[in-house]
>>> print(open('coords01.txt').read())   # compact mmCIF, C-alpha atoms and all ligand atoms
# COMPACT_ATOMS: atom_id res chain seq x y z
CA MET H 1 -7.80 1.19 16.72
CA PRO H 2 -8.13 -0.64 20.01
CA GLU H 3 -6.39 -4.00 19.88
CA GLU H 4 -9.46 -5.92 20.98
CA ALA H 5 -11.58 -4.51 18.15
CA PRO H 6 -11.51 -6.69 15.01
CA ALA H 7 -9.80 -5.16 11.99
CA PRO H 8 -12.29 -3.81 9.43
CA LEU H 9 -12.98 -6.08 6.48
CA GLY H 10 -10.13 -6.11 3.96
CA ILE H 11 -7.59 -4.73 6.44
CA ASP H 12 -4.57 -6.91 7.27
CA ALA H 13 -3.81 -6.19 10.92
CA THR H 14 -1.11 -8.85 11.20
CA THR H 15 1.43 -7.47 8.69
CA PRO H 16 3.21 -4.33 9.92
CA ASN H 17 2.02 -1.42 7.82
CA ALA H 18 4.22 1.55 6.89
CA ALA H 19 1.45 4.15 7.30
CA ARG H 20 0.39 2.79 10.69
CA MET H 21 4.02 2.50 11.91
CA TYR H 22 4.51 6.18 11.02
CA ASN H 23 1.28 6.97 12.88
CA TYR H 24 2.78 5.19 15.93
CA TYR H 25 6.01 7.25 15.74
CA LEU H 26 3.85 10.36 15.74
CA GLY H 27 2.00 9.22 18.87
CA GLY H 28 -1.22 8.33 16.99
CA LYS H 29 -3.68 5.61 17.95
CA ASP H 30 -4.49 4.27 14.47
CA ASN H 31 -2.25 1.22 14.61
CA PHE H 32 -2.36 -2.46 15.55
CA ALA H 33 -0.07 -4.62 17.73
CA ALA H 34 1.96 -5.80 14.70
CA ASP H 35 2.59 -2.17 13.66
CA ARG H 36 3.66 -1.17 17.16
CA ALA H 37 6.00 -4.17 17.50
CA ALA H 38 7.71 -3.38 14.18
CA ALA H 39 7.92 0.34 14.98
CA GLU H 40 9.51 -0.51 18.34
CA GLN H 41 12.15 -2.56 16.48
CA VAL H 42 12.93 0.51 14.37
CA LEU H 43 13.01 2.71 17.48
CA LYS H 44 15.56 0.36 19.03
CA VAL H 45 18.07 1.05 16.23
CA ALA H 46 16.90 4.61 15.55
CA PRO H 47 15.45 6.05 18.77
CA GLU H 48 15.24 9.45 17.07
CA ALA H 49 12.57 8.17 14.63
CA ARG H 50 9.73 9.85 16.54
CA GLU H 51 11.51 13.20 16.39
CA LEU H 52 12.28 12.67 12.70
CA ALA H 53 8.62 12.02 11.93
CA ARG H 54 7.71 15.26 13.72
CA GLN H 55 10.46 17.14 11.87
CA ASN H 56 9.26 15.73 8.58
CA ARG H 57 5.72 17.00 9.25
CA ALA H 58 7.10 20.37 10.33
CA PHE H 59 9.10 20.67 7.08
CA MET H 60 5.94 19.85 5.13
CA ARG H 61 3.96 22.55 6.93
CA ARG H 62 6.66 25.19 6.36
CA ALA H 63 6.92 24.26 2.68
CA ILE H 64 3.13 24.53 2.23
CA ARG H 65 3.06 27.94 3.88
CA HIS H 66 5.93 29.04 1.69
CA VAL H 67 4.40 28.01 -1.64
CA MET H 68 1.11 29.64 -0.66
CA ALA H 69 2.58 32.91 0.58
CA ASP H 70 5.45 33.37 -1.86
CA ALA H 71 4.30 31.52 -4.98
CA GLY H 72 0.53 32.01 -4.67
CA ILE H 73 -0.21 28.26 -4.99
CA ARG H 74 -3.81 27.35 -4.22
CA GLN H 75 -3.97 23.72 -5.46
CA PHE H 76 -2.33 20.75 -3.74
CA ILE H 77 -1.97 17.07 -4.65
CA ASP H 78 -0.60 15.12 -1.69
CA ILE H 79 0.52 11.64 -2.80
CA GLY H 80 1.35 9.27 0.05
CA THR H 81 -0.85 11.21 2.43
CA GLY H 82 -0.48 9.02 5.50
CA LEU H 83 -2.96 8.71 8.33
CA PRO H 84 -4.51 11.96 9.47
CA THR H 85 -2.62 13.57 12.30
CA GLU H 86 -2.25 17.00 13.83
CA GLY H 87 -1.50 19.69 11.25
CA ASN H 88 -2.89 17.93 8.18
CA VAL H 89 -2.28 19.43 4.77
CA HIS H 90 -5.86 20.73 4.40
CA GLU H 91 -5.70 22.37 7.83
CA ILE H 92 -2.51 24.24 6.98
CA VAL H 93 -3.79 25.16 3.52
CA HIS H 94 -7.26 26.26 4.65
CA ALA H 95 -5.85 28.33 7.51
CA HIS H 96 -4.24 30.41 4.76
CA ASP H 97 -7.05 30.25 2.20
CA PRO H 98 -10.31 28.35 2.84
CA ASP H 99 -11.01 28.24 -0.91
CA ALA H 100 -7.80 26.40 -1.84
CA THR H 101 -8.13 22.81 -3.06
CA ILE H 102 -6.43 19.65 -1.77
CA VAL H 103 -6.49 16.15 -3.23
CA TYR H 104 -5.18 13.37 -1.03
CA VAL H 105 -3.89 10.20 -2.70
CA ASP H 106 -2.71 7.01 -1.03
CA ASN H 107 -2.67 3.30 -1.86
CA ASP H 108 -3.46 2.14 1.66
CA PRO H 109 -7.10 1.30 2.46
CA VAL H 110 -6.75 2.29 6.13
CA VAL H 111 -5.41 5.71 5.18
CA LEU H 112 -8.24 6.17 2.68
CA ALA H 113 -10.95 5.22 5.19
CA HIS H 114 -9.64 7.64 7.84
CA SER H 115 -9.03 10.41 5.38
CA ARG H 116 -12.52 10.13 3.88
CA ALA H 117 -14.11 10.11 7.34
CA ILE H 118 -12.28 13.32 8.28
CA LEU H 119 -12.84 15.09 4.99
CA SER H 120 -16.48 14.18 4.40
CA ARG H 121 -17.61 17.65 5.40
CA THR H 122 -14.52 19.60 4.31
CA PRO H 123 -15.11 21.57 1.11
CA HIS H 124 -12.59 21.73 -1.75
CA THR H 125 -11.02 18.38 -0.83
CA ALA H 126 -11.06 14.81 -2.16
CA THR H 127 -9.39 11.54 -1.24
CA LEU H 128 -8.44 9.06 -3.95
CA ARG H 129 -7.03 5.59 -4.02
CA GLY H 130 -3.98 5.77 -6.25
CA ASP H 131 -0.50 4.40 -6.60
CA LEU H 132 2.43 6.76 -7.07
CA ARG H 133 3.92 4.20 -9.46
CA GLN H 134 1.08 5.03 -11.88
CA PRO H 135 1.17 8.84 -11.81
CA LEU H 136 -0.86 9.38 -14.97
CA ASP H 137 -3.69 7.22 -13.61
CA ILE H 138 -3.75 9.47 -10.54
CA LEU H 139 -3.80 12.66 -12.59
CA SER H 140 -6.60 11.41 -14.85
CA THR H 141 -8.95 10.43 -12.01
CA PRO H 142 -12.23 12.36 -12.49
CA ALA H 143 -12.48 13.35 -8.82
CA LEU H 144 -9.04 14.94 -9.07
CA ARG H 145 -9.79 16.69 -12.37
CA ASP H 146 -12.98 18.12 -10.84
CA LEU H 147 -10.86 19.97 -8.29
CA ILE H 148 -7.53 20.69 -9.97
CA ASP H 149 -7.16 23.18 -12.81
CA PHE H 150 -4.05 22.05 -14.71
CA SER H 151 -3.76 25.38 -16.51
CA LYS H 152 -2.74 26.88 -13.14
CA PRO H 153 0.22 26.03 -10.85
CA VAL H 154 -0.14 23.09 -8.50
CA ALA H 155 2.00 21.91 -5.59
CA VAL H 156 2.62 18.17 -5.57
CA LEU H 157 3.67 16.75 -2.23
CA LEU H 158 5.83 13.62 -2.27
CA VAL H 159 6.71 13.77 1.40
CA ALA H 160 8.30 10.64 2.91
CA VAL H 161 6.86 8.43 0.17
CA LEU H 162 9.47 8.08 -2.59
CA HIS H 163 11.62 5.76 -0.49
CA PHE H 164 8.75 3.25 -0.81
CA LEU H 165 9.54 3.09 -4.54
CA THR H 166 12.32 0.72 -5.62
CA GLU H 167 14.73 1.51 -8.44
CA ASP H 168 12.62 -0.82 -10.62
CA ASP H 169 9.68 1.52 -9.97
CA LYS H 170 11.78 4.23 -11.65
CA PRO H 171 11.06 7.13 -9.28
CA GLY H 172 12.79 9.61 -11.62
CA GLU H 173 10.40 8.73 -14.44
CA VAL H 174 7.42 8.92 -12.07
CA ILE H 175 8.39 12.48 -11.15
CA ALA H 176 9.02 13.37 -14.80
CA ARG H 177 5.45 12.23 -15.69
CA LEU H 178 4.07 14.44 -12.93
CA ARG H 179 6.30 17.38 -13.88
CA ASP H 180 5.34 17.24 -17.54
CA SER H 181 1.64 17.40 -16.61
CA LEU H 182 1.95 20.55 -14.50
CA ALA H 183 1.81 24.24 -15.44
CA PRO H 184 4.88 26.50 -15.11
CA GLY H 185 5.11 27.86 -11.57
CA SER H 186 4.08 24.47 -10.12
CA HIS H 187 6.09 23.14 -7.18
CA LEU H 188 7.33 19.79 -5.90
CA ILE H 189 7.61 19.40 -2.12
CA LEU H 190 9.79 16.36 -1.44
CA SER H 191 11.42 14.56 1.46
CA HIS H 192 13.25 11.25 1.34
CA VAL H 193 15.05 9.04 3.85
CA THR H 194 18.80 8.50 3.47
CA ALA H 195 21.44 6.20 4.94
CA ASP H 196 24.24 8.71 4.37
CA GLU H 197 24.99 9.41 8.03
CA ARG H 198 23.52 6.54 10.05
CA ALA H 199 24.23 3.76 7.57
CA HIS H 200 24.16 0.79 9.93
CA ALA H 201 20.99 1.86 11.77
CA ALA H 202 19.33 2.69 8.44
CA GLN H 203 20.09 -0.79 7.08
CA GLN H 204 18.66 -2.36 10.24
CA GLY H 205 15.55 -0.17 10.04
CA ALA H 206 15.12 -1.02 6.36
CA ALA H 207 15.29 -4.72 7.29
CA VAL H 208 12.25 -4.24 9.56
CA TYR H 209 10.34 -2.61 6.68
CA ARG H 210 11.16 -5.56 4.40
CA LYS H 211 8.68 -7.57 6.51
CA ALA H 212 6.11 -4.75 6.38
CA SER H 213 3.55 -3.70 3.77
CA SER H 214 6.12 -1.60 1.87
CA SER H 215 9.89 -1.99 1.90
CA ILE H 216 12.23 1.01 1.96
CA THR H 217 14.87 1.89 -0.64
CA LEU H 218 17.61 4.00 0.93
CA ARG H 219 19.10 6.61 -1.42
CA ASN H 220 22.13 8.82 -1.03
CA ARG H 221 22.30 12.59 -1.38
CA GLN H 222 23.04 12.54 -5.10
CA GLN H 223 20.27 10.04 -5.87
CA ILE H 224 17.76 12.20 -4.01
CA MET H 225 19.09 15.33 -5.70
CA ASP H 226 18.56 13.63 -9.07
CA LEU H 227 14.82 13.36 -8.27
CA PHE H 228 14.62 17.17 -8.66
CA GLU H 229 15.70 16.99 -12.30
CA GLY H 230 13.83 19.57 -14.35
CA PHE H 231 12.95 21.61 -11.24
CA GLU H 232 14.68 24.73 -10.02
CA LEU H 233 15.46 24.16 -6.32
CA ILE H 234 14.39 27.15 -4.30
CA PRO H 235 16.69 28.36 -1.48
CA PRO H 236 18.07 26.86 0.68
CA GLY H 237 18.17 23.93 -1.79
CA MET H 238 18.13 20.32 -0.69
CA VAL H 239 18.97 20.15 3.00
CA LYS H 240 18.21 18.33 6.28
CA LEU H 241 14.62 18.63 7.49
CA HIS H 242 15.27 21.22 10.19
CA ASP H 243 17.51 23.32 7.93
CA TRP H 244 14.74 24.07 5.43
CA ARG H 245 13.64 27.63 6.31
CA PRO H 246 13.50 26.95 10.07
CA ASP H 247 10.96 28.81 12.19
CA GLU H 248 9.34 28.21 15.57
CA ASP H 249 8.15 24.83 14.17
CA SER H 250 11.78 23.70 14.07
CA ALA H 251 12.36 24.22 17.77
CA PHE H 252 12.88 20.51 18.49
CA ALA H 253 15.65 19.85 15.98
CA THR H 254 17.79 18.12 18.58
CA TYR H 255 17.69 14.65 20.00
CA ARG H 256 19.05 14.03 23.51
CA GLY H 257 20.75 17.42 23.43
CA ARG H 258 22.58 16.83 20.13
CA GLU H 259 21.79 17.85 16.60
CA LEU H 260 19.55 15.31 14.85
CA PRO H 261 21.58 13.10 12.50
CA THR H 262 20.79 13.38 8.79
CA TRP H 263 18.09 10.82 8.14
CA PHE H 264 16.19 12.78 5.51
CA PHE H 265 16.90 15.21 2.72
CA CYS H 266 14.16 17.60 1.71
CA GLY H 267 13.58 20.43 -0.69
CA VAL H 268 11.11 22.36 -2.78
CA GLY H 269 11.52 22.55 -6.54
CA ARG H 270 9.78 24.85 -8.97
CA ILE H 271 8.94 24.39 -12.64
CA ARG H 272 10.04 27.41 -14.63
C1 LIG O 301 5.58 7.62 5.98
S1 LIG O 301 3.96 7.95 5.36
C2 LIG O 301 4.12 9.66 4.94
C3 LIG O 301 2.86 10.45 5.21
C4 LIG O 301 2.97 11.94 4.91
N1 LIG O 301 3.26 12.20 3.52
C5 LIG O 301 4.04 12.57 5.78
O1 LIG O 301 5.15 12.73 5.33
O2 LIG O 301 3.75 12.87 6.93
C6 LIG O 301 4.01 7.21 3.73
C7 LIG O 301 2.65 7.06 3.07
O3 LIG O 301 2.86 6.71 1.70
C8 LIG O 301 1.91 5.74 1.33
N2 LIG O 301 2.46 5.01 0.17
C9 LIG O 301 3.49 4.13 0.15
N3 LIG O 301 3.71 3.70 -1.11
C10 LIG O 301 2.79 4.33 -1.90
C11 LIG O 301 2.50 4.28 -3.29
N4 LIG O 301 3.19 3.50 -4.12
N5 LIG O 301 1.48 5.04 -3.75
C12 LIG O 301 0.75 5.83 -2.92
N6 LIG O 301 0.99 5.91 -1.59
C13 LIG O 301 1.98 5.16 -1.08
C14 LIG O 301 1.72 4.89 2.57
O4 LIG O 301 0.50 4.20 2.54
C15 LIG O 301 1.78 5.95 3.65
O5 LIG O 301 0.50 6.45 3.92
>>> encode(input="coords01.txt", output="structure tokens")
Amino acid sequence: MPEEAPAPLGIDATTPNAARMYNYYLGGKDNFAADRAAAEQVLKVAPEARELARQNRAFMRRAIRHVMADAGIRQFIDIGTGLPTEGNVHEIVHAHDPDATIVYVDNDPVVLAHSRAILSRTPHTATLRGDLRQPLDILSTPALRDLIDFSKPVAVLLVAVLHFLTEDDKPGEVIARLRDSLAPGSHLILSHVTADERAHAAQQGAAVYRKASSSITLRNRQQIMDLFEGFELIPPGMVKLHDWRPDEDSAFATYRGRELPTWFFCGVGRIR
């Protein structure tokens, strides 16, 4: 979005937006001046944020490949999709099986507009407006039910989105609602930001997000582990992004020559 172009109707370009800030970390162009200024404030306290965003995407891609190859999953619901970027979920999924289905869900109008534009000619995909805090509304949307067969395993992606839910939003209950709607053999692909190692920088980064479209709730290892309740964690369990089944995608797991600090925990859980 060039700065000089007016924001599309209904889009607030003046409040920093979490999806567009993330797009900026990833080197994307779908962001406004307010997003870039806020993202730069985060980068000041956490200069490794760009690398973390890349690592988070790389974890997501590895997890998708894993659940397709090893668990035979062919249906994906990606909640908190984010702005399209290189290596989107449908690209990874369709490289493995062009007949697999993907439903993208986000509550941000900019994300929805971009996602719909990209997917308009992509078969077996849909983009829905939905809020993770109302999981059953998402699952009952007709466009989703047209594509997803709930008698068969599904992978639900909650990648870098649960930290936008406060404790009052009851993230554990949200996940339980999703889990109880899915067939055995379904998987949860999850990553979540933590303040465990870089507490001061994380608090400062979270303060920037308090002035943005969505604030961040930092959770510790145990709180994130608790989100997998009712799922069997598949090896290697809940770990740092670059420790989850590393491959050539994980080649950049260092920042300025040192191991990346723990900013995220991630894992893949399976319903028995
Ligand atoms: C940091 S981006 C993550 C994008 C992608 N999942 C990834 O990890 O690369 C977070 C996304 O979650 C969306 N989001 C935040 N809160 C949400 C909610 N309550 N319901 C649905 N989407 C939400 C934002 O609009 C944004 O697109």
>>> closest_residue(input="coords01.txt", among="H:Ile271, H:Ala202, H:Leu233, H:Ile216", to="Ser181 of chain H", atoms="all atoms listed in the file")
H:Ile271
>>> residues_near_ligand(input="coords01.txt", ligand="ligand LIG 301 (chain O)", cutoff="9 Å", atoms="all atoms listed in the file", output="JSON, numbers by chain")
{"H": [17, 18, 19, 20, 21, 22, 23, 53, 54, 56, 57, 58, 60, 78, 79, 80, 81, 82, 83, 84, 85, 88, 105, 106, 107, 108, 109, 110, 111, 112, 129, 130, 131, 132, 133, 134, 135, 157, 158, 159, 160, 161, 162, 163, 164, 165, 169, 190, 191, 213, 214, 215]}
>>> write_last_selection(input="coords01.txt", atoms="C-alpha atoms", output="mmCIF file, keeping the file's coordinate frame")
data_model
loop_
_atom_site.group_PDB
_atom_site.id
_atom_site.type_symbol
_atom_site.label_atom_id
_atom_site.label_comp_id
_atom_site.auth_asym_id
_atom_site.auth_seq_id
_atom_site.Cartn_x
_atom_site.Cartn_y
_atom_site.Cartn_z
ATOM 1 C CA ASN H 17 2.020 -1.420 7.820
ATOM 2 C CA ALA H 18 4.220 1.550 6.890
ATOM 3 C CA ALA H 19 1.450 4.150 7.300
ATOM 4 C CA ARG H 20 0.390 2.790 10.690
ATOM 5 C CA MET H 21 4.020 2.500 11.910
ATOM 6 C CA TYR H 22 4.510 6.180 11.020
ATOM 7 C CA ASN H 23 1.280 6.970 12.880
ATOM 8 C CA ALA H 53 8.620 12.020 11.930
ATOM 9 C CA ARG H 54 7.710 15.260 13.720
ATOM 10 C CA ASN H 56 9.260 15.730 8.580
ATOM 11 C CA ARG H 57 5.720 17.000 9.250
ATOM 12 C CA ALA H 58 7.100 20.370 10.330
ATOM 13 C CA MET H 60 5.940 19.850 5.130
ATOM 14 C CA ASP H 78 -0.600 15.120 -1.690
ATOM 15 C CA ILE H 79 0.520 11.640 -2.800
ATOM 16 C CA GLY H 80 1.350 9.270 0.050
ATOM 17 C CA THR H 81 -0.850 11.210 2.430
ATOM 18 C CA GLY H 82 -0.480 9.020 5.500
ATOM 19 C CA LEU H 83 -2.960 8.710 8.330
ATOM 20 C CA PRO H 84 -4.510 11.960 9.470
ATOM 21 C CA THR H 85 -2.620 13.570 12.300
ATOM 22 C CA ASN H 88 -2.890 17.930 8.180
ATOM 23 C CA VAL H 105 -3.890 10.200 -2.700
ATOM 24 C CA ASP H 106 -2.710 7.010 -1.030
ATOM 25 C CA ASN H 107 -2.670 3.300 -1.860
ATOM 26 C CA ASP H 108 -3.460 2.140 1.660
ATOM 27 C CA PRO H 109 -7.100 1.300 2.460
ATOM 28 C CA VAL H 110 -6.750 2.290 6.130
ATOM 29 C CA VAL H 111 -5.410 5.710 5.180
ATOM 30 C CA LEU H 112 -8.240 6.170 2.680
ATOM 31 C CA ARG H 129 -7.030 5.590 -4.020
ATOM 32 C CA GLY H 130 -3.980 5.770 -6.250
ATOM 33 C CA ASP H 131 -0.500 4.400 -6.600
ATOM 34 C CA LEU H 132 2.430 6.760 -7.070
ATOM 35 C CA ARG H 133 3.920 4.200 -9.460
ATOM 36 C CA GLN H 134 1.080 5.030 -11.880
ATOM 37 C CA PRO H 135 1.170 8.840 -11.810
ATOM 38 C CA LEU H 157 3.670 16.750 -2.230
ATOM 39 C CA LEU H 158 5.830 13.620 -2.270
ATOM 40 C CA VAL H 159 6.710 13.770 1.400
ATOM 41 C CA ALA H 160 8.300 10.640 2.910
ATOM 42 C CA VAL H 161 6.860 8.430 0.170
ATOM 43 C CA LEU H 162 9.470 8.080 -2.590
ATOM 44 C CA HIS H 163 11.620 5.760 -0.490
ATOM 45 C CA PHE H 164 8.750 3.250 -0.810
ATOM 46 C CA LEU H 165 9.540 3.090 -4.540
ATOM 47 C CA ASP H 169 9.680 1.520 -9.970
ATOM 48 C CA LEU H 190 9.790 16.360 -1.440
ATOM 49 C CA SER H 191 11.420 14.560 1.460
ATOM 50 C CA SER H 213 3.550 -3.700 3.770
ATOM 51 C CA SER H 214 6.120 -1.600 1.870
ATOM 52 C CA SER H 215 9.890 -1.990 1.900
#
>>> residues_around(input="coords01.txt", residues="segment 44-50 of chain H", least_positions_apart="5", cutoff="7 Å", atoms="all atoms listed in the file", output="MDAnalysis selection string")
chainID H and resid 25:26 201 204:205 255
>>> atom_distance(input="coords01.txt", atom1="atom CA of Glu259 of chain H", atom2="atom CA of Arg221 of chain H")
18.7 Å
>>> atom_distance(input="coords01.txt", atom1="atom CA of Asp226 of chain H", atom2="atom CA of Met238 of chain H")
10.7 Å
>>> atom_distance(input="coords01.txt", atom1="atom CA of Asp137 of chain H", atom2="atom CA of Asp168 of chain H")
18.4 Å
>>> closest_residue(input="coords01.txt", among="H:Ser120, H:Thr254, H:Thr166, H:Thr262", to="Leu218 of chain H", atoms="all atoms listed in the file")
H:Thr166
>>> closest_residue(input="coords01.txt", among="H:Gly172, H:His90, H:Met68, H:Phe150", to="Thr127 of chain H", atoms="only C-alpha atoms")
H:His90
>>> residues_around(input="coords01.txt", residues="Ile64 of chain H", least_positions_apart="2", cutoff="8 Å", atoms="all atoms listed in the file", output="short mmCIF file (atom, residue, chain, number, x, y, z; two decimals) with C-alpha atoms, keeping the file's coordinate frame")
data_model
loop_
_atom_site.label_atom_id
_atom_site.label_comp_id
_atom_site.auth_asym_id
_atom_site.auth_seq_id
_atom_site.Cartn_x
_atom_site.Cartn_y
_atom_site.Cartn_z
CA MET H 60 5.94 19.85 5.13
CA ARG H 61 3.96 22.55 6.93
CA ARG H 62 6.66 25.19 6.36
CA HIS H 66 5.93 29.04 1.69
CA VAL H 67 4.40 28.01 -1.64
CA MET H 68 1.11 29.64 -0.66
CA VAL H 89 -2.28 19.43 4.77
CA ILE H 92 -2.51 24.24 6.98
CA VAL H 93 -3.79 25.16 3.52
#
>>> residues_around(input="coords01.txt", residues="Leu144 of chain H", least_positions_apart="6", cutoff="10 Å", atoms="all atoms listed in the file", output="mmCIF file with C-alpha atoms, in the frame of the given file")
data_model
loop_
_atom_site.group_PDB
_atom_site.id
_atom_site.type_symbol
_atom_site.label_atom_id
_atom_site.label_comp_id
_atom_site.auth_asym_id
_atom_site.auth_seq_id
_atom_site.Cartn_x
_atom_site.Cartn_y
_atom_site.Cartn_z
ATOM 1 C CA ILE H 77 -1.970 17.070 -4.650
ATOM 2 C CA THR H 101 -8.130 22.810 -3.060
ATOM 3 C CA ILE H 102 -6.430 19.650 -1.770
ATOM 4 C CA VAL H 103 -6.490 16.150 -3.230
ATOM 5 C CA TYR H 104 -5.180 13.370 -1.030
ATOM 6 C CA VAL H 105 -3.890 10.200 -2.700
ATOM 7 C CA THR H 125 -11.020 18.380 -0.830
ATOM 8 C CA ALA H 126 -11.060 14.810 -2.160
ATOM 9 C CA THR H 127 -9.390 11.540 -1.240
ATOM 10 C CA LEU H 128 -8.440 9.060 -3.950
ATOM 11 C CA ILE H 138 -3.750 9.470 -10.540
#
>>> axis_aligned_box(input="coords01.txt", around="segment 173-192 of chain H", padding_each_side="6 Å", output="JSON")
{"center_x": 7.4, "center_y": 18.3, "center_z": -8.0, "size_x": 23.6, "size_y": 31.1, "size_z": 31.0}
>>> closest_residue(input="coords01.txt", among="H:His94, H:Arg74, H:Arg36, H:His187", to="Ala155 of chain H", atoms="all atoms listed in the file")
H:His187
>>> residues_around(input="coords01.txt", residues="Asn220 of chain H", least_positions_apart="6", cutoff="8 Å", atoms="all atoms listed in the file", output="ChimeraX atom specification")
/H:194-196
>>> write_last_selection(input="coords01.txt", atoms="C-alpha atoms", output="short mmCIF file (atom, residue, chain, number, x, y, z; two decimals), keeping the file's coordinate frame")
data_model
loop_
_atom_site.label_atom_id
_atom_site.label_comp_id
_atom_site.auth_asym_id
_atom_site.auth_seq_id
_atom_site.Cartn_x
_atom_site.Cartn_y
_atom_site.Cartn_z
CA THR H 194 18.80 8.50 3.47
CA ALA H 195 21.44 6.20 4.94
CA ASP H 196 24.24 8.71 4.37
#
>>> residues_around(input="coords01.txt", residues="Gly230 of chain H", least_positions_apart="2", cutoff="8 Å", atoms="only C-alpha atoms", output="list in words")
Ala176, Arg179, Phe228, Glu232 and Ile271 of chain H
>>> build_atoms(input="coords01.txt", residues="segment 131-144 of chain H", atoms="N, CA, C and O atoms", output="PDB file, in the coordinates of the input")
ATOM      1  N   ASP H 131      -1.847   4.884  -6.856  1.00  0.00           N
ATOM      2  CA  ASP H 131      -0.500   4.400  -6.600  1.00  0.00           C
ATOM      3  C   ASP H 131       0.488   5.333  -7.294  1.00  0.00           C
ATOM      4  O   ASP H 131       0.382   5.552  -8.507  1.00  0.00           O
ATOM      5  N   LEU H 132       1.436   5.828  -6.520  1.00  0.00           N
ATOM      6  CA  LEU H 132       2.430   6.760  -7.070  1.00  0.00           C
ATOM      7  C   LEU H 132       3.142   6.166  -8.278  1.00  0.00           C
ATOM      8  O   LEU H 132       3.593   6.899  -9.159  1.00  0.00           O
ATOM      9  N   ARG H 133       3.223   4.832  -8.326  1.00  0.00           N
ATOM     10  CA  ARG H 133       3.920   4.200  -9.460  1.00  0.00           C
ATOM     11  C   ARG H 133       3.157   4.359 -10.772  1.00  0.00           C
ATOM     12  O   ARG H 133       3.695   4.120 -11.831  1.00  0.00           O
ATOM     13  N   GLN H 134       1.878   4.759 -10.676  1.00  0.00           N
ATOM     14  CA  GLN H 134       1.080   5.030 -11.880  1.00  0.00           C
ATOM     15  C   GLN H 134       0.600   6.495 -11.853  1.00  0.00           C
ATOM     16  O   GLN H 134      -0.584   6.770 -11.658  1.00  0.00           O
ATOM     17  N   PRO H 135       1.526   7.430 -12.016  1.00  0.00           N
ATOM     18  CA  PRO H 135       1.170   8.840 -11.810  1.00  0.00           C
ATOM     19  C   PRO H 135       0.103   9.354 -12.768  1.00  0.00           C
ATOM     20  O   PRO H 135      -0.730  10.178 -12.386  1.00  0.00           O
ATOM     21  N   LEU H 136       0.118   8.852 -14.004  1.00  0.00           N
ATOM     22  CA  LEU H 136      -0.860   9.380 -14.970  1.00  0.00           C
ATOM     23  C   LEU H 136      -2.264   8.893 -14.640  1.00  0.00           C
ATOM     24  O   LEU H 136      -3.249   9.604 -14.893  1.00  0.00           O
ATOM     25  N   ASP H 137      -2.372   7.690 -14.061  1.00  0.00           N
ATOM     26  CA  ASP H 137      -3.690   7.220 -13.610  1.00  0.00           C
ATOM     27  C   ASP H 137      -4.221   8.151 -12.511  1.00  0.00           C
ATOM     28  O   ASP H 137      -5.403   8.490 -12.482  1.00  0.00           O
ATOM     29  N   ILE H 138      -3.325   8.552 -11.617  1.00  0.00           N
ATOM     30  CA  ILE H 138      -3.750   9.470 -10.540  1.00  0.00           C
ATOM     31  C   ILE H 138      -4.261  10.769 -11.152  1.00  0.00           C
ATOM     32  O   ILE H 138      -5.359  11.239 -10.847  1.00  0.00           O
ATOM     33  N   LEU H 139      -3.455  11.336 -12.053  1.00  0.00           N
ATOM     34  CA  LEU H 139      -3.800  12.660 -12.590  1.00  0.00           C
ATOM     35  C   LEU H 139      -5.065  12.627 -13.468  1.00  0.00           C
ATOM     36  O   LEU H 139      -5.694  13.661 -13.653  1.00  0.00           O
ATOM     37  N   SER H 140      -5.404  11.450 -13.986  1.00  0.00           N
ATOM     38  CA  SER H 140      -6.600  11.410 -14.850  1.00  0.00           C
ATOM     39  C   SER H 140      -7.862  11.020 -14.088  1.00  0.00           C
ATOM     40  O   SER H 140      -8.942  10.952 -14.676  1.00  0.00           O
ATOM     41  N   THR H 141      -7.758  10.803 -12.787  1.00  0.00           N
ATOM     42  CA  THR H 141      -8.950  10.430 -12.010  1.00  0.00           C
ATOM     43  C   THR H 141      -9.960  11.578 -12.041  1.00  0.00           C
ATOM     44  O   THR H 141      -9.609  12.732 -11.755  1.00  0.00           O
ATOM     45  N   PRO H 142     -11.235  11.277 -12.379  1.00  0.00           N
ATOM     46  CA  PRO H 142     -12.230  12.360 -12.490  1.00  0.00           C
ATOM     47  C   PRO H 142     -12.360  13.213 -11.220  1.00  0.00           C
ATOM     48  O   PRO H 142     -12.446  14.437 -11.315  1.00  0.00           O
ATOM     49  N   ALA H 143     -12.317  12.572 -10.060  1.00  0.00           N
ATOM     50  CA  ALA H 143     -12.480  13.350  -8.820  1.00  0.00           C
ATOM     51  C   ALA H 143     -11.345  14.362  -8.653  1.00  0.00           C
ATOM     52  O   ALA H 143     -11.542  15.447  -8.092  1.00  0.00           O
ATOM     53  N   LEU H 144     -10.171  14.008  -9.147  1.00  0.00           N
ATOM     54  CA  LEU H 144      -9.040  14.940  -9.070  1.00  0.00           C
ATOM     55  C   LEU H 144      -9.238  16.060 -10.102  1.00  0.00           C
ATOM     56  O   LEU H 144      -9.065  17.245  -9.794  1.00  0.00           O
TER      57      LEU H 144
END
